[in-house]
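Asks: data35.cif is the file, holding mmCIF, C-alpha atoms; chains and numbers go by the auth columns:
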data_query
loop_
_atom_site.group_PDB
_atom_site.id
_atom_site.type_symbol
_atom_site.label_atom_id
_atom_site.label_comp_id
_atom_site.label_asym_id
_atom_site.label_seq_id
_atom_site.Cartn_x
_atom_site.Cartn_y
_atom_site.Cartn_z
_atom_site.B_iso_or_equiv
_atom_site.auth_seq_id
_atom_site.auth_asym_id
ATOM 1 C CA MET A 1 133.789 100.425 26.152 0.00 1 A
ATOM 2 C CA GLY A 2 133.813 96.642 26.326 0.00 2 A
ATOM 3 C CA LEU A 3 136.329 94.481 28.104 0.00 3 A
ATOM 4 C CA SER A 4 138.871 92.217 26.423 0.00 4 A
ATOM 5 C CA TYR A 5 139.205 88.616 27.539 0.00 5 A
ATOM 6 C CA LEU A 6 142.210 89.676 29.617 0.00 6 A
ATOM 7 C CA GLY A 7 140.104 92.504 31.083 0.00 7 A
ATOM 8 C CA ILE A 8 137.333 90.083 32.014 0.00 8 A
ATOM 9 C CA PHE A 9 139.806 87.667 33.637 0.00 9 A
ATOM 10 C CA HIS A 10 141.492 90.578 35.432 0.00 10 A
ATOM 11 C CA THR A 11 138.136 91.788 36.752 0.00 11 A
ATOM 12 C CA ILE A 12 137.055 88.366 38.023 0.00 12 A
ATOM 13 C CA ILE A 13 140.382 87.755 39.781 0.00 13 A
ATOM 14 C CA GLY A 14 140.321 91.317 41.147 0.00 14 A
ATOM 15 C CA ILE A 15 136.886 90.735 42.662 0.00 15 A
ATOM 16 C CA ALA A 16 138.234 87.583 44.340 0.00 16 A
ATOM 17 C CA ALA A 17 141.124 89.643 45.770 0.00 17 A
ATOM 18 C CA LEU A 18 138.726 92.255 47.145 0.00 18 A
ATOM 19 C CA ALA A 19 136.538 89.515 48.627 0.00 19 A
ATOM 20 C CA GLY A 20 139.533 87.866 50.307 0.00 20 A
ATOM 21 C CA ALA A 21 140.595 91.182 51.826 0.00 21 A
ATOM 22 C CA ALA A 22 137.058 92.019 52.950 0.00 22 A
ATOM 23 C CA ALA A 23 136.678 88.598 54.595 0.00 23 A
ATOM 24 C CA GLY A 24 139.965 89.103 56.446 0.00 24 A
ATOM 25 C CA PHE A 25 139.070 92.609 57.595 0.00 25 A
ATOM 26 C CA ILE A 26 135.686 91.413 58.847 0.00 26 A
ATOM 27 C CA LYS A 27 136.949 88.320 60.652 0.00 27 A
ATOM 28 C CA TYR A 28 140.426 89.388 61.828 0.00 28 A
ATOM 29 C CA GLY A 29 140.535 93.171 61.451 0.00 29 A
ATOM 30 C CA LYS A 30 143.369 92.708 58.964 0.00 30 A
ATOM 31 C CA ILE A 31 144.486 90.713 55.955 0.00 31 A
ATOM 32 C CA ASN A 32 145.855 87.590 57.610 0.00 32 A
ATOM 33 C CA LEU A 33 148.257 85.695 55.340 0.00 33 A
ATOM 34 C CA GLY A 34 148.037 82.645 57.604 0.00 34 A
ATOM 35 C CA VAL A 35 144.430 81.871 56.668 0.00 35 A
ATOM 36 C CA LEU A 36 142.559 81.151 53.435 0.00 36 A
ATOM 37 C CA SER A 37 141.159 84.669 52.969 0.00 37 A
ATOM 38 C CA GLY A 38 144.659 86.151 53.263 0.00 38 A
ATOM 39 C CA LYS A 39 146.118 83.616 50.847 0.00 39 A
ATOM 40 C CA ILE A 40 143.328 84.369 48.384 0.00 40 A
ATOM 41 C CA TYR A 41 144.078 88.083 48.720 0.00 41 A
ATOM 42 C CA PHE A 42 147.825 87.585 48.262 0.00 42 A
ATOM 43 C CA TYR A 43 147.723 85.338 45.201 0.00 43 A
ATOM 44 C CA THR A 44 144.816 87.021 43.432 0.00 44 A
ATOM 45 C CA THR A 45 146.329 90.460 44.055 0.00 45 A
ATOM 46 C CA ILE A 46 149.568 89.332 42.415 0.00 46 A
ATOM 47 C CA ILE A 47 147.630 87.902 39.447 0.00 47 A
ATOM 48 C CA THR A 48 145.398 90.976 39.178 0.00 48 A
ATOM 49 C CA SER A 49 148.383 93.313 39.273 0.00 49 A
ATOM 50 C CA LEU A 50 150.272 91.285 36.675 0.00 50 A
ATOM 51 C CA THR A 51 147.280 91.092 34.333 0.00 51 A
ATOM 52 C CA SER A 52 146.742 94.843 34.668 0.00 52 A
ATOM 53 C CA LEU A 53 150.130 95.343 33.037 0.00 53 A
ATOM 54 C CA GLY A 54 148.632 93.943 29.827 0.00 54 A
ATOM 55 C CA ILE A 55 145.633 96.262 29.929 0.00 55 A
ATOM 56 C CA SER A 56 145.638 99.880 28.837 0.00 56 A
ATOM 57 C CA LYS A 57 142.516 101.869 28.033 0.00 57 A
ATOM 58 C CA HIS A 58 144.614 104.781 26.741 0.00 58 A
ATOM 59 C CA GLY A 59 147.526 102.856 25.235 0.00 59 A
ATOM 60 C CA GLY A 60 151.021 102.486 26.597 0.00 60 A
ATOM 61 C CA PHE A 61 152.480 102.560 30.087 0.00 61 A
ATOM 62 C CA ASN A 62 150.387 104.670 32.474 0.00 62 A
ATOM 63 C CA PRO A 63 149.935 105.472 36.186 0.00 63 A
ATOM 64 C CA GLY A 64 147.757 102.361 36.620 0.00 64 A
ATOM 65 C CA HIS A 65 150.741 100.219 35.647 0.00 65 A
ATOM 66 C CA ILE A 66 152.894 101.982 38.241 0.00 66 A
ATOM 67 C CA PHE A 67 150.209 101.256 40.864 0.00 67 A
ATOM 68 C CA ALA A 68 150.246 97.592 39.859 0.00 68 A
ATOM 69 C CA ILE A 69 154.023 97.276 40.159 0.00 69 A
ATOM 70 C CA PHE A 70 153.992 99.077 43.511 0.00 70 A
ATOM 71 C CA ILE A 71 151.186 96.828 44.803 0.00 71 A
ATOM 72 C CA ILE A 72 153.172 93.717 43.833 0.00 72 A
ATOM 73 C CA PHE A 73 156.162 95.169 45.688 0.00 73 A
ATOM 74 C CA LEU A 74 154.057 95.864 48.817 0.00 74 A
ATOM 75 C CA VAL A 75 152.438 92.426 49.020 0.00 75 A
ATOM 76 C CA CYS A 76 155.761 90.674 48.393 0.00 76 A
ATOM 77 C CA ILE A 77 157.446 92.589 51.226 0.00 77 A
ATOM 78 C CA ALA A 78 154.461 91.814 53.476 0.00 78 A
ATOM 79 C CA TYR A 79 154.745 88.131 52.581 0.00 79 A
ATOM 80 C CA PHE A 80 158.475 88.188 53.329 0.00 80 A
ATOM 81 C CA LEU A 81 157.756 89.690 56.764 0.00 81 A
ATOM 82 C CA TYR A 82 155.039 87.082 57.370 0.00 82 A
ATOM 83 C CA ALA A 83 157.212 84.130 56.319 0.00 83 A
ATOM 84 C CA LYS A 84 160.698 85.125 57.466 0.00 84 A
ATOM 85 C CA LYS A 85 160.037 87.361 60.475 0.00 85 A
ATOM 86 C CA GLU A 86 157.378 85.203 62.082 0.00 86 A
ATOM 87 C CA ARG A 87 158.566 85.793 65.644 0.00 87 A
ATOM 88 C CA ASN A 88 159.156 89.521 65.270 0.00 88 A
ATOM 89 C CA GLY A 89 156.290 91.552 66.742 0.00 89 A
ATOM 90 C CA ARG A 90 157.467 94.751 65.085 0.00 90 A
ATOM 91 C CA ALA A 91 157.313 93.048 61.698 0.00 91 A
ATOM 92 C CA ARG A 92 153.563 92.467 62.203 0.00 92 A
ATOM 93 C CA TYR A 93 152.971 96.237 62.299 0.00 93 A
ATOM 94 C CA PHE A 94 154.649 96.630 58.906 0.00 94 A
ATOM 95 C CA GLU A 95 153.015 93.512 57.477 0.00 95 A
ATOM 96 C CA ASN A 96 149.543 94.756 58.471 0.00 96 A
ATOM 97 C CA PHE A 97 150.211 98.235 57.118 0.00 97 A
ATOM 98 C CA LEU A 98 151.676 97.043 53.812 0.00 98 A
ATOM 99 C CA LEU A 99 148.764 94.698 53.136 0.00 99 A
ATOM 100 C CA SER A 100 146.189 97.349 54.036 0.00 100 A
ATOM 101 C CA PHE A 101 148.000 99.950 51.955 0.00 101 A
ATOM 102 C CA SER A 102 148.115 97.561 48.988 0.00 102 A
ATOM 103 C CA PHE A 103 144.362 97.058 49.382 0.00 103 A
ATOM 104 C CA PHE A 104 143.757 100.822 49.493 0.00 104 A
ATOM 105 C CA LEU A 105 145.919 101.360 46.404 0.00 105 A
ATOM 106 C CA SER A 106 144.015 98.581 44.621 0.00 106 A
ATOM 107 C CA LEU A 107 140.795 100.472 45.272 0.00 107 A
ATOM 108 C CA VAL A 108 141.995 103.599 43.447 0.00 108 A
ATOM 109 C CA PRO A 109 141.876 102.149 39.907 0.00 109 A
ATOM 110 C CA THR A 110 138.943 99.935 40.936 0.00 110 A
ATOM 111 C CA VAL A 111 136.837 102.969 41.861 0.00 111 A
ATOM 112 C CA ASN A 112 137.953 104.860 38.752 0.00 112 A
ATOM 113 C CA GLU A 113 137.156 101.999 36.379 0.00 113 A
ATOM 114 C CA THR A 114 133.906 100.994 38.071 0.00 114 A
ATOM 115 C CA PHE A 115 132.486 104.505 38.365 0.00 115 A
ATOM 116 C CA THR A 116 133.312 105.362 34.733 0.00 116 A
ATOM 117 C CA ARG A 117 131.723 102.129 33.416 0.00 117 A
ATOM 118 C CA ILE A 118 128.758 101.300 35.648 0.00 118 A
ATOM 119 C CA PRO A 119 125.839 101.430 35.186 0.00 119 A
ATOM 120 C CA ILE A 120 126.312 100.723 31.497 0.00 120 A
ATOM 121 C CA GLY A 121 125.047 103.595 29.409 0.00 121 A
ATOM 122 C CA HIS A 122 124.885 106.065 32.323 0.00 122 A
ATOM 123 C CA PRO A 123 128.046 105.641 34.423 0.00 123 A
ATOM 124 C CA LEU A 124 128.327 107.298 37.826 0.00 124 A
ATOM 125 C CA ALA A 125 131.289 109.394 36.633 0.00 125 A
ATOM 126 C CA LYS A 126 132.212 110.882 33.259 0.00 126 A
ATOM 127 C CA ASP A 127 135.957 110.553 33.787 0.00 127 A
ATOM 128 C CA ILE A 128 138.543 110.265 36.558 0.00 128 A
ATOM 129 C CA THR A 129 138.247 113.971 37.407 0.00 129 A
ATOM 130 C CA ASP A 130 134.570 113.620 38.350 0.00 130 A
ATOM 131 C CA PRO A 131 133.915 114.797 41.948 0.00 131 A
ATOM 132 C CA VAL A 132 132.122 111.561 42.866 0.00 132 A
ATOM 133 C CA ILE A 133 135.393 109.672 42.337 0.00 133 A
ATOM 134 C CA GLY A 134 137.381 112.177 44.384 0.00 134 A
ATOM 135 C CA LYS A 135 134.890 112.092 47.248 0.00 135 A
ATOM 136 C CA THR A 136 134.761 108.298 47.220 0.00 136 A
ATOM 137 C CA LEU A 137 138.551 108.041 47.290 0.00 137 A
ATOM 138 C CA LEU A 138 138.688 110.570 50.147 0.00 138 A
ATOM 139 C CA ILE A 139 136.268 108.426 52.170 0.00 139 A
ATOM 140 C CA LEU A 140 138.348 105.331 51.403 0.00 140 A
ATOM 141 C CA LEU A 141 141.515 107.175 52.473 0.00 141 A
ATOM 142 C CA LEU A 142 139.906 108.120 55.785 0.00 142 A
ATOM 143 C CA LEU A 143 138.775 104.518 56.293 0.00 143 A
ATOM 144 C CA PHE A 144 142.306 103.321 55.497 0.00 144 A
ATOM 145 C CA ILE A 145 143.798 105.721 58.075 0.00 145 A
ATOM 146 C CA ALA A 146 141.245 104.739 60.734 0.00 146 A
ATOM 147 C CA GLY A 147 141.726 101.040 59.949 0.00 147 A
ATOM 148 C CA SER A 148 145.511 101.348 60.141 0.00 148 A
ATOM 149 C CA PHE A 149 145.222 103.029 63.520 0.00 149 A
ATOM 150 C CA TYR A 150 142.885 100.220 64.690 0.00 150 A
ATOM 151 C CA GLN A 151 145.314 97.558 63.428 0.00 151 A
ATOM 152 C CA PHE A 152 148.224 99.245 65.199 0.00 152 A
ATOM 153 C CA ILE A 153 146.365 99.257 68.540 0.00 153 A
ATOM 154 C CA LYS A 154 145.178 95.683 68.083 0.00 154 A
ATOM 155 C CA GLN A 155 148.686 94.487 67.149 0.00 155 A
ATOM 156 C CA LYS A 156 150.150 96.310 70.149 0.00 156 A
ATOM 157 C CA ARG A 157 147.785 94.372 72.427 0.00 157 A
ATOM 158 C CA ILE A 158 148.700 91.105 70.707 0.00 158 A
ATOM 159 C CA ASN A 159 152.416 91.839 71.048 0.00 159 A
ATOM 160 C CA LYS A 160 152.024 92.581 74.769 0.00 160 A
ATOM 161 C CA SER A 161 150.065 89.376 75.404 0.00 161 A
ATOM 162 C CA VAL A 162 152.470 87.157 73.464 0.00 162 A
ATOM 163 C CA VAL A 163 156.171 87.025 74.250 0.00 163 A
ATOM 164 C CA ILE A 164 157.760 87.874 70.898 0.00 164 A
ATOM 165 C CA SER A 165 160.672 90.122 70.081 0.00 165 A
#
Could you render the structure from this file as structure tokens?

Replies:
Amino acid sequence: MGLSYLGIFHTIIGIAALAGAAAGFIKYGKINLGVLSGKIYFYTTIITSLTSLGISKHGGFNPGHIFAIFIIFLVCIAYFLYAKKERNGRARYFENFLLSFSFFLSLVPTVNETFTRIPIGHPLAKDITDPVIGKTLLILLLLFIAGSFYQFIKQKRINKSVVIS
């Protein structure tokens, strides 16, 4: 199945969002909204989520659209915490978690769509119930849990070293 122009745009912007998140995780251990990689993640995630609302492989409103709306909600709350609760150490825990959770949720449809399309002609998975998708998502869930635990510990150390409320 080919991609529409909106689908192509959505995919390109989505790849930029994933790259921004990956750069942040590698450099900072989190998606940091105060630096370029975090800003790229924030804005491209909003655009990707909005454009996904105009895409439907099966017609009509579907679970992917609910994911998109929820992801927008998560990144907007995280941005609010970043911008308005700058001095609140507890807010950083929630900000980190919300951004990481939004990234994890973004990977669910990404894995589904990628594995059922690539390689062209012989995709890795036949449909979303294929075990390779389930196993991949389980690994990503475990990485998300481990990463969240790491971010919590790292943020706790930061909060202790910096006098913030």

Asks: Applying 8 Å and all atoms listed in the file, which residues near Gly38 in chain A remain after dropping the ones on its own chain fewer than 5 positions away? List them as a list in words.

Replies: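 Returned residues: Gly20, Ala21, Gly24, Ile31, Asn32 and Leu33 of chain A.
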
Asks: List as a list in words the protein and nucleic acid residues near Ile139 in chain A, meaning an atom at most 12 Å away when only C-alpha atoms are counted, but skip any in the same chain fewer than 6 places from it.

Replies: Phe104, Leu107, Val108, Val111, Val132, Ile133, Ile145 and Ala146 of chain A

Asks: Got a sec: who's within 12 Å of range 82-85 of chain A, counting all atoms listed in the file, leaving out chain neighbours fewer than 2 positions off, as a PyMOL selection string?

Replies: chain A and resi 31-35+38-39+42+75-80+87-96+98-99+164-165

Asks: Record the distance separating CA of Leu18 in chain A and CA of Thr114 in chain A, expressed in Å with one decimal.

Replies: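 Calculated distance between CA of Leu18 in chain A and CA of Thr114 in chain A is 13.5 Å.
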
Asks: Could you work out how far CA of Leu50 in chain A lies from CA of Ser4 in chain A, giving the answer in Å with one decimal?

Replies: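 A separation of 15.4 Å between them.
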
Asks: For the atom pair CA of Ile158 in chain A and CA of Phe25 in chain A, what is the interatomic distance in Å to one decimal place?

Replies: 16.3 Å

Asks: Using only C-alpha atoms, find the one residue out of A:Ser49, A:Phe67, A:Asn159, A:Phe144 that sits nearest to His10 in chain A.

Replies: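 Residue with the minimum atom-to-atom distance to His10 in chain A: A:Ser49.
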